[in-house]
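Accompanying notes for the structure given below.
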4 protein chains.
Amino acid sequence: MGKVRSPFLVVNPKSYLYGKKSLELAQAVDKIAQESGLQIFFTCPFADIRYVRENTGCIVVTAQHMESLKPGRGMGHILPESLKDAGAGAVFLNHAENQLTLSELSKTIDRAKKLSMITIACADSLSEALSIARFSPDILLCEPTDLIGTGQVADNSYILETTSQIKAVDPDIAVMVASGITTAEDVYNVIRLGADGTGGTNGILKAPDPVVRVQEMADAMLKAYKEKA
Amino acid sequence: MGKVRSPFLVVNPKSYLYGKKSLELAQAVDKIAQESGLQIFFTCPFADIRYVRENTGCIVVTAQHMESLKPGRGMGHILPESLKDAGAGAVFLNHAENQLTLSELSKTIDRAKKLSMITIACADSLSEALSIARFSPDILLCEPTDLIGTGQVADNSYILETTSQIKAVDPDIAVMVASGITTAEDVYNVIRLGADGTGGTNGILKAPDPVVRVQEMADAMLKAYKEKA
Amino acid sequence: MGKVRSPFLVVNPKSYLYGKKSLELAQAVDKIAQESGLQIFFTCPFADIRYVRENTGCIVVTAQHMESLKPGRGMGHILPESLKDAGAGAVFLNHAENQLTLSELSKTIDRAKKLSMITIACADSLSEALSIARFSPDILLCEPTDLIGTGQVADNSYILETTSQIKAVDPDIAVMVASGITTAEDVYNVIRLGADGTGGTNGILKAPDPVVRVQEMADAMLKAYKEKA
Amino acid sequence: MGKVRSPFLVVNPKSYLYGKKSLELAQAVDKIAQESGLQIFFTCPFADIRYVRENTGCIVVTAQHMESLKPGRGMGHILPESLKDAGAGAVFLNHAENQLTLSELSKTIDRAKKLSMITIACADSLSEALSIARFSPDILLCEPTDLIGTGQVADNSYILETTSQIKAVDPDIAVMVASGITTAEDVYNVIRLGADGTGGTNGILKAPDPVVRVQEMADAMLKAYKEKA
């Protein structure tokens with residue numbers, strides 16, 4: 001844990017799943033991670049992090065948000081140490097549905113680094129991505145807000161441009177492209193175009209069989225990656 | 001679970017404790033709850049709710065905050081169902097360190113009721129308390145912000161006035177008075193003055209021995225309650 | 001200024017109008033206020049309050065929001081004294097597009113009272129309205145969020161119920177019903193049903209001629225009011 | 001208007017002054033701006049922008065905050081067009097007392113550019129400043145939060161480092177250093193060390209005579225600038 005491996009897949013059920021249903025998907029995804037050797041990030045509600053961690057072996061259990069506070073006051077706030085202790089190996093920051101001030105984004109990335117948690121920082125334009133790149137998150141998710149949840153994929157030139165410009169600022173940042181990724185073919189394409197990782201919410205949860213969809217995405221990802229090599 | 005019993009004690013470590021240290025205190029408090037028969041609410045970070053619930057028997061595991069969203073989108077937000085499923089029997093709402101809009105307070109109280117979670121709603125003046133009383137929370141914590149964390153106790157007339165006015169609006173609401181409660185004597189006093197419950201953070205955590213302090217508070221509470229009867 | 005007169009009309013261009021266009025509508029509305037004797041509240045951006053005040057005579061220039069801070073620090077925050085000094089005679093608080101914490105709502109109402117500014121507090125359900133009534137705003141706007149901007153009017157029983165229940169808590173609070181008010185007929189109806197006032201944004205701005213629409217609304221309001229007497 | 005001239009001075013009364021007192025200081029500062037030829041930014045509450053603009057000639061009237069919304073809905077929000085129309089030639093963004101999400105900061109800078117308003121973006125660490133530099137604000141104020149309002153000045157190496165690193169990213173960004181600037185000597189020093197501008201709140205308002213203090217600061221600034229040339 002603590003290292004991003006390219007390519008990677010993010011299964012992000014947001015607040016759609018919790019408790020037993022969250023764990024069931026996590027376990028199925030865990031099996032795919034184990035068999036494929038792929039690094040798979042799996043997000044769940046804060047209250048399920050330890051539950052999912054204790055009942056899976058390979059997936060990176062991922063928090064959906066956190067704050068920069070330190071142990072002390074802060075009634076009801078999301079303490080990084082509590083997430084790490086429960087088993088979170090990664091954390092999403094600045095998602096469009098939970099935006100941070102620039103200052104808080106800077107501080108939460110620092111907090112995560114000190115706790116050896118992988119950071120997945122979200123930007124909703126290339127300009128924002130380049131700004132965030134200065135804080136050296138592990139993964140930069142560049143996702144135009146307009147496309148989230150629409151099933152529309154960013155076009156090829158956007159993906160090429162985004163990936164190359166972020167790498168130019170800091171080649172160590174892994175680039176994730178995810179807006180509108182629904183099918184295995186979408187996954188194949190973004191990896192071929194240079195993204196290090198991708199993932200989805202609706203594309204997976206609304207598939208006829210979410211586990212089959214994750215398996216197809218994992219296969220497509222490995223195929224694309226091998227062809228690039 | 002689901003019912004407030006008078007008198008009750010709230011052990012509220014805010015974000016001071018997490019993981020193993022949170023559980024250790026919870027288990028000691030759980031033993032006190034069991035032996036005394038007192039209803040004790042114990043708060044912990046979201047990520048520890050299930051952990052504390054699975055390893056204790058009597059305490060009411062209490063979330064420190066939640067939001068009104070329903071299962072669905074809402075990346076990183078605090079889904080009521082996820083807390084309940086993890087074992088939260090109660091939830092603090094509108095704490096001074098995590099204030100809600102009036103509308104969100106109204107909605108989260110409704111959500112908690114539907115999930116059979118006890119609500120502890122916070123007000124920082126009598127006027128606010130009477131406004132919140134309209135939403136019929138189970139417990140109303142009336143705590144002048146100026147006193148939080150100071151070790152200063154609200155004076156007797158304030159406690160009498162607050163308690164009687166809230167009861168006048170809705171006799172079913174339990175009144176909690178907690179600002180500056182540090183010692184067993186403080187606990188004894190507020191219960192004698194009519195409060196249904198009390199609790200603390202610093203008064204407990206900064207005591208020479210927090211578990212001994214909780215025991216003393218529980219004893220004082222029962223003593224005061226018997227004398228009132 | 002400083003007193004609500006029943007019935008009253010609120011012309012609320014939100015952020016649609018500013019500068020010269022805001023003033024032009026304000027002046028036309030001012031003429032209607034003068035000729036009809038009706039109390040008309042007119043909202044504008046903060047930066048236009050003094051401009052509108054200095055170039056009109058009868059309308060109550062109304063701020064769309066404010067905060068509870070006092071003169072001092074508070075870079076970029078909305079200082080009540082600055083609004084009052086510029087000529088605001090009233091202020092909207094807790095509008096659905098700019099919600100306040102319960103505590104801040106309580107404090108801004110207090111600040112407005114001390115500065116002799118009329119408060120128009122917004123609720124998006126009857127339950128919220130009754131809670132806010134405890135803070136004794138001058139006007140309570142009860143407007144189900146779902147209907148804002150839809151052109152749909154709340155039904156008659158809702159209006160009757162809302163009005164009578166708020167008056168039961170505090171007969172001095174004027175009740176405003178405004179969701180979906182578009183035409184003069186809508187205005188006539190809500191006043192007949194017991195509301196003290198009403199108003200609109202889209203119903204006025206998107207009318208073929210906004211000034212004519214305000215005139216029609218004013219006429220309908222006076223007609224309804226006379227018939228009730 | 002629309003162009004930053006080096007060196008520049010920022011007189012920032014935050015929410016300490018409004019109405020007549022704000023205008024009086026603005027007019028005195030305006031005279032200093034006229035006589036010295038120095039570009040002086042003067043901030044005031046939104047409700048005073050037009051008032052100050054109409055009664056001064058040389059100062060750049062500066063808004064203390066704004067949002068990215070466009071004319072339309074947005075009750076009580078700070079519409080850029082309304083500020084520009086009222087006479088604001090510049091705007092502070094992301095001040096420590098009014099922080100923006102990274103996304104909103106990006107958008108407000110874009111909005112200001114389109115309206116030809118000078119942007120003064122605030123960062124509270126060098127790392128944040130370099131991140132914000134990607135959005136090309138006209139002025140970058142790098143002010144460690146810990147020092148705001150303390151009267152403590154950032155040390156020389158900090159100022160040199162900050163200035164050179166920001167210029168390395170984008171030589172067109174003017175660098176403002178302001179934390180703890182209290183005296184004319186402080187102003188002299190930061191300009192000598194490479195800052196393009198500076199300014200203050202308490203250093204000016206709490207001086208025995210604020211206007212004299214601004215005059216001294218202006219003189220010191222010109223002296224330092226000439227010596228650098």
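Identifiers for the structure tokens are assigned positionally: chains receive A, B, ... in sequence, residues are indexed from 1 per chain, and ligands are indexed from 1 in the order shown.
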I want to know what sits within 9 Å of segment 30-38 of chain B, based on only C-alpha atoms, with residues of the same chain fewer than 5 positions away left out; could you give that as a list in words?
Arg5, Ser6, Pro7, Phe8, Leu9, Leu25, Thr56, Gly57, Cys58, Ile59, Val211, Val214, Gln215, Ala218, Asp219, Met221 and Leu222 of chain B
What's around Val177 of chain A at 7 Å? Count only C-alpha atoms, leave out sequence neighbours fewer than 4 positions away in its own chain, and write the answer as a list of chain:residue names.
A:Leu141, A:Cys142, A:Glu143, A:Val190, A:Ala195, A:Gly197, A:Thr198
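In this structure, atom CA of Pro171 of chain C sits 29.0 Å away from atom CA of Thr108 of chain B.
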Sorted by chain and rising residue number, which residues of chain B lie within 10 Å of chain C, and what are their closest atom pairs and distances in Å to one decimal, counting only C-alpha atoms, as JSON lines?
```
{"residue": "B:Asn94", "atom": "CA", "partner": "C:Leu102", "partner_atom": "CA", "distance": 8.5}
{"residue": "B:Ala96", "atom": "CA", "partner": "C:Ser103", "partner_atom": "CA", "distance": 9.0}
{"residue": "B:Asn98", "atom": "CA", "partner": "C:Thr101", "partner_atom": "CA", "distance": 9.9}
{"residue": "B:Gln99", "atom": "CA", "partner": "C:Thr101", "partner_atom": "CA", "distance": 6.3}
{"residue": "B:Leu100", "atom": "CA", "partner": "C:Thr101", "partner_atom": "CA", "distance": 5.2}
{"residue": "B:Thr101", "atom": "CA", "partner": "C:Thr101", "partner_atom": "CA", "distance": 3.6}
{"residue": "B:Leu102", "atom": "CA", "partner": "C:Leu102", "partner_atom": "CA", "distance": 4.5}
{"residue": "B:Ser103", "atom": "CA", "partner": "C:Glu128", "partner_atom": "CA", "distance": 6.7}
{"residue": "B:Glu104", "atom": "CA", "partner": "C:Thr101", "partner_atom": "CA", "distance": 8.6}
{"residue": "B:Leu105", "atom": "CA", "partner": "C:Leu102", "partner_atom": "CA", "distance": 8.1}
{"residue": "B:Ser106", "atom": "CA", "partner": "C:Glu128", "partner_atom": "CA", "distance": 7.0}
{"residue": "B:Lys107", "atom": "CA", "partner": "C:Glu128", "partner_atom": "CA", "distance": 9.7}
{"residue": "B:Ala123", "atom": "CA", "partner": "C:Ser103", "partner_atom": "CA", "distance": 7.7}
{"residue": "B:Asp124", "atom": "CA", "partner": "C:Ser103", "partner_atom": "CA", "distance": 7.4}
{"residue": "B:Ser125", "atom": "CA", "partner": "C:Ser103", "partner_atom": "CA", "distance": 8.6}
{"residue": "B:Ser127", "atom": "CA", "partner": "C:Phe135", "partner_atom": "CA", "distance": 7.2}
{"residue": "B:Glu128", "atom": "CA", "partner": "C:Ser103", "partner_atom": "CA", "distance": 6.7}
{"residue": "B:Ala129", "atom": "CA", "partner": "C:Arg134", "partner_atom": "CA", "distance": 9.6}
{"residue": "B:Leu130", "atom": "CA", "partner": "C:Arg134", "partner_atom": "CA", "distance": 6.9}
{"residue": "B:Ser131", "atom": "CA", "partner": "C:Ser131", "partner_atom": "CA", "distance": 4.6}
{"residue": "B:Ile132", "atom": "CA", "partner": "C:Ser131", "partner_atom": "CA", "distance": 6.3}
{"residue": "B:Ala133", "atom": "CA", "partner": "C:Ser131", "partner_atom": "CA", "distance": 7.7}
{"residue": "B:Arg134", "atom": "CA", "partner": "C:Ser131", "partner_atom": "CA", "distance": 5.4}
{"residue": "B:Phe135", "atom": "CA", "partner": "C:Ser127", "partner_atom": "CA", "distance": 7.2}
```
Give me, as an NGL selection string, the residues of segment 11-68 of chain B that a backbone DSSP run labels alpha helix (DSSP H).
:B and (19-36 or 49-54)
Point-to-point distance from atom CA of Leu83 of chain D to atom CA of Gly89 of chain C, Å rounded to tenths:
21.0 Å
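All residues of segment 55-223 of chain A that DSSP, run on the backbone, classes as strand (DSSP E or B) are Val60, Val61, Thr62, Ala63, Gly72, Ala90, Val91, Phe92, Leu93, Thr101, Ile118, Thr119, Ile120, Ala121, Cys122, Ala123, Ile139, Leu140, Leu141, Cys142, Ala174, Val175, Met176, Gly197, Thr198, Gly199 and Gly200 of chain A.
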Next, dump the selected residues to file, keeping only N, CA and C atoms, as a CSV table (one decimal), in the first residue's frame.
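The resulting again-v5.csv:
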```csv
chain,number,residue,atom,x,y,z
A,60,VAL,N,-7.5,-1.5,-2.6
A,60,VAL,CA,-7.2,-0.4,-1.7
A,60,VAL,C,-8.5,0.3,-1.3
A,61,VAL,N,-8.8,0.1,0.0
A,61,VAL,CA,-10.0,0.7,0.5
A,61,VAL,C,-9.8,2.3,0.5
A,62,THR,N,-10.7,3.0,0.0
A,62,THR,CA,-10.5,4.4,-0.3
A,62,THR,C,-11.6,5.3,0.3
A,63,ALA,N,-11.2,6.2,1.1
A,63,ALA,CA,-12.2,7.2,1.7
A,63,ALA,C,-12.6,8.2,0.6
A,72,GLY,N,-8.2,16.1,18.2
A,72,GLY,CA,-8.5,17.2,19.1
A,72,GLY,C,-10.0,17.5,19.0
A,90,ALA,N,-6.2,5.0,0.7
A,90,ALA,CA,-6.3,6.1,-0.2
A,90,ALA,C,-7.4,7.0,0.1
A,91,VAL,N,-7.4,8.2,-0.5
A,91,VAL,CA,-8.5,9.2,-0.2
A,91,VAL,C,-8.8,10.0,-1.4
A,92,PHE,N,-10.0,10.2,-1.8
A,92,PHE,CA,-10.4,11.2,-2.8
A,92,PHE,C,-10.5,12.6,-2.1
A,93,LEU,N,-10.0,13.6,-2.8
A,93,LEU,CA,-10.0,15.0,-2.3
A,93,LEU,C,-10.6,15.9,-3.4
A,101,THR,N,-11.6,24.2,-0.3
A,101,THR,CA,-10.9,25.4,-0.6
A,101,THR,C,-9.5,25.0,-1.0
A,118,ILE,N,-2.6,7.3,-0.2
A,118,ILE,CA,-2.6,7.7,-1.6
A,118,ILE,C,-3.7,8.8,-1.8
A,119,THR,N,-3.3,9.9,-2.5
A,119,THR,CA,-4.3,10.9,-2.7
A,119,THR,C,-4.8,10.9,-4.2
A,120,ILE,N,-6.1,11.0,-4.3
A,120,ILE,CA,-6.7,11.1,-5.6
A,120,ILE,C,-7.4,12.5,-5.6
A,121,ALA,N,-6.8,13.4,-6.2
A,121,ALA,CA,-7.3,14.8,-6.2
A,121,ALA,C,-8.1,15.1,-7.5
A,122,CYS,N,-9.2,15.7,-7.4
A,122,CYS,CA,-10.1,15.9,-8.5
A,122,CYS,C,-10.0,17.4,-9.0
A,123,ALA,N,-10.1,17.5,-10.3
A,123,ALA,CA,-10.1,18.8,-11.0
A,123,ALA,C,-11.2,18.8,-12.0
A,139,ILE,N,-2.5,10.9,-7.6
A,139,ILE,CA,-3.3,10.7,-8.8
A,139,ILE,C,-4.1,12.0,-9.0
A,140,LEU,N,-4.2,12.4,-10.2
A,140,LEU,CA,-5.0,13.6,-10.6
A,140,LEU,C,-6.1,13.1,-11.5
A,141,LEU,N,-7.3,13.3,-11.0
A,141,LEU,CA,-8.5,13.0,-11.8
A,141,LEU,C,-9.0,14.2,-12.4
A,142,CYS,N,-9.0,14.2,-13.7
A,142,CYS,CA,-9.4,15.4,-14.4
A,142,CYS,C,-10.7,15.1,-15.1
A,174,ALA,N,0.1,10.3,-11.4
A,174,ALA,CA,-0.7,9.4,-12.3
A,174,ALA,C,-1.9,10.1,-12.7
A,175,VAL,N,-2.3,10.0,-14.0
A,175,VAL,CA,-3.5,10.7,-14.5
A,175,VAL,C,-4.7,9.7,-14.6
A,176,MET,N,-5.8,10.1,-14.0
A,176,MET,CA,-7.0,9.4,-14.1
A,176,MET,C,-8.0,10.1,-15.0
A,197,GLY,N,-5.1,5.5,-15.3
A,197,GLY,CA,-6.2,4.8,-14.6
A,197,GLY,C,-7.6,5.4,-15.0
A,198,THR,N,-8.6,4.7,-14.6
A,198,THR,CA,-10.0,5.2,-14.9
A,198,THR,C,-10.9,4.5,-13.9
A,199,GLY,N,-12.2,4.7,-14.0
A,199,GLY,CA,-13.1,4.1,-13.1
A,199,GLY,C,-14.5,4.6,-13.3
A,200,GLY,N,-15.4,4.3,-12.3
A,200,GLY,CA,-16.7,4.7,-12.6
A,200,GLY,C,-17.6,4.5,-11.4
```
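A straight line drawn from atom CA of Ala229 of chain D to atom CA of Leu193 of chain D is 12.6 Å long.
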Within 9 Å of Lys3 of chain D using only C-alpha atoms, minus same-chain residues under 6 positions, as a PyMOL selection string:
chain D and resi 116-118+138
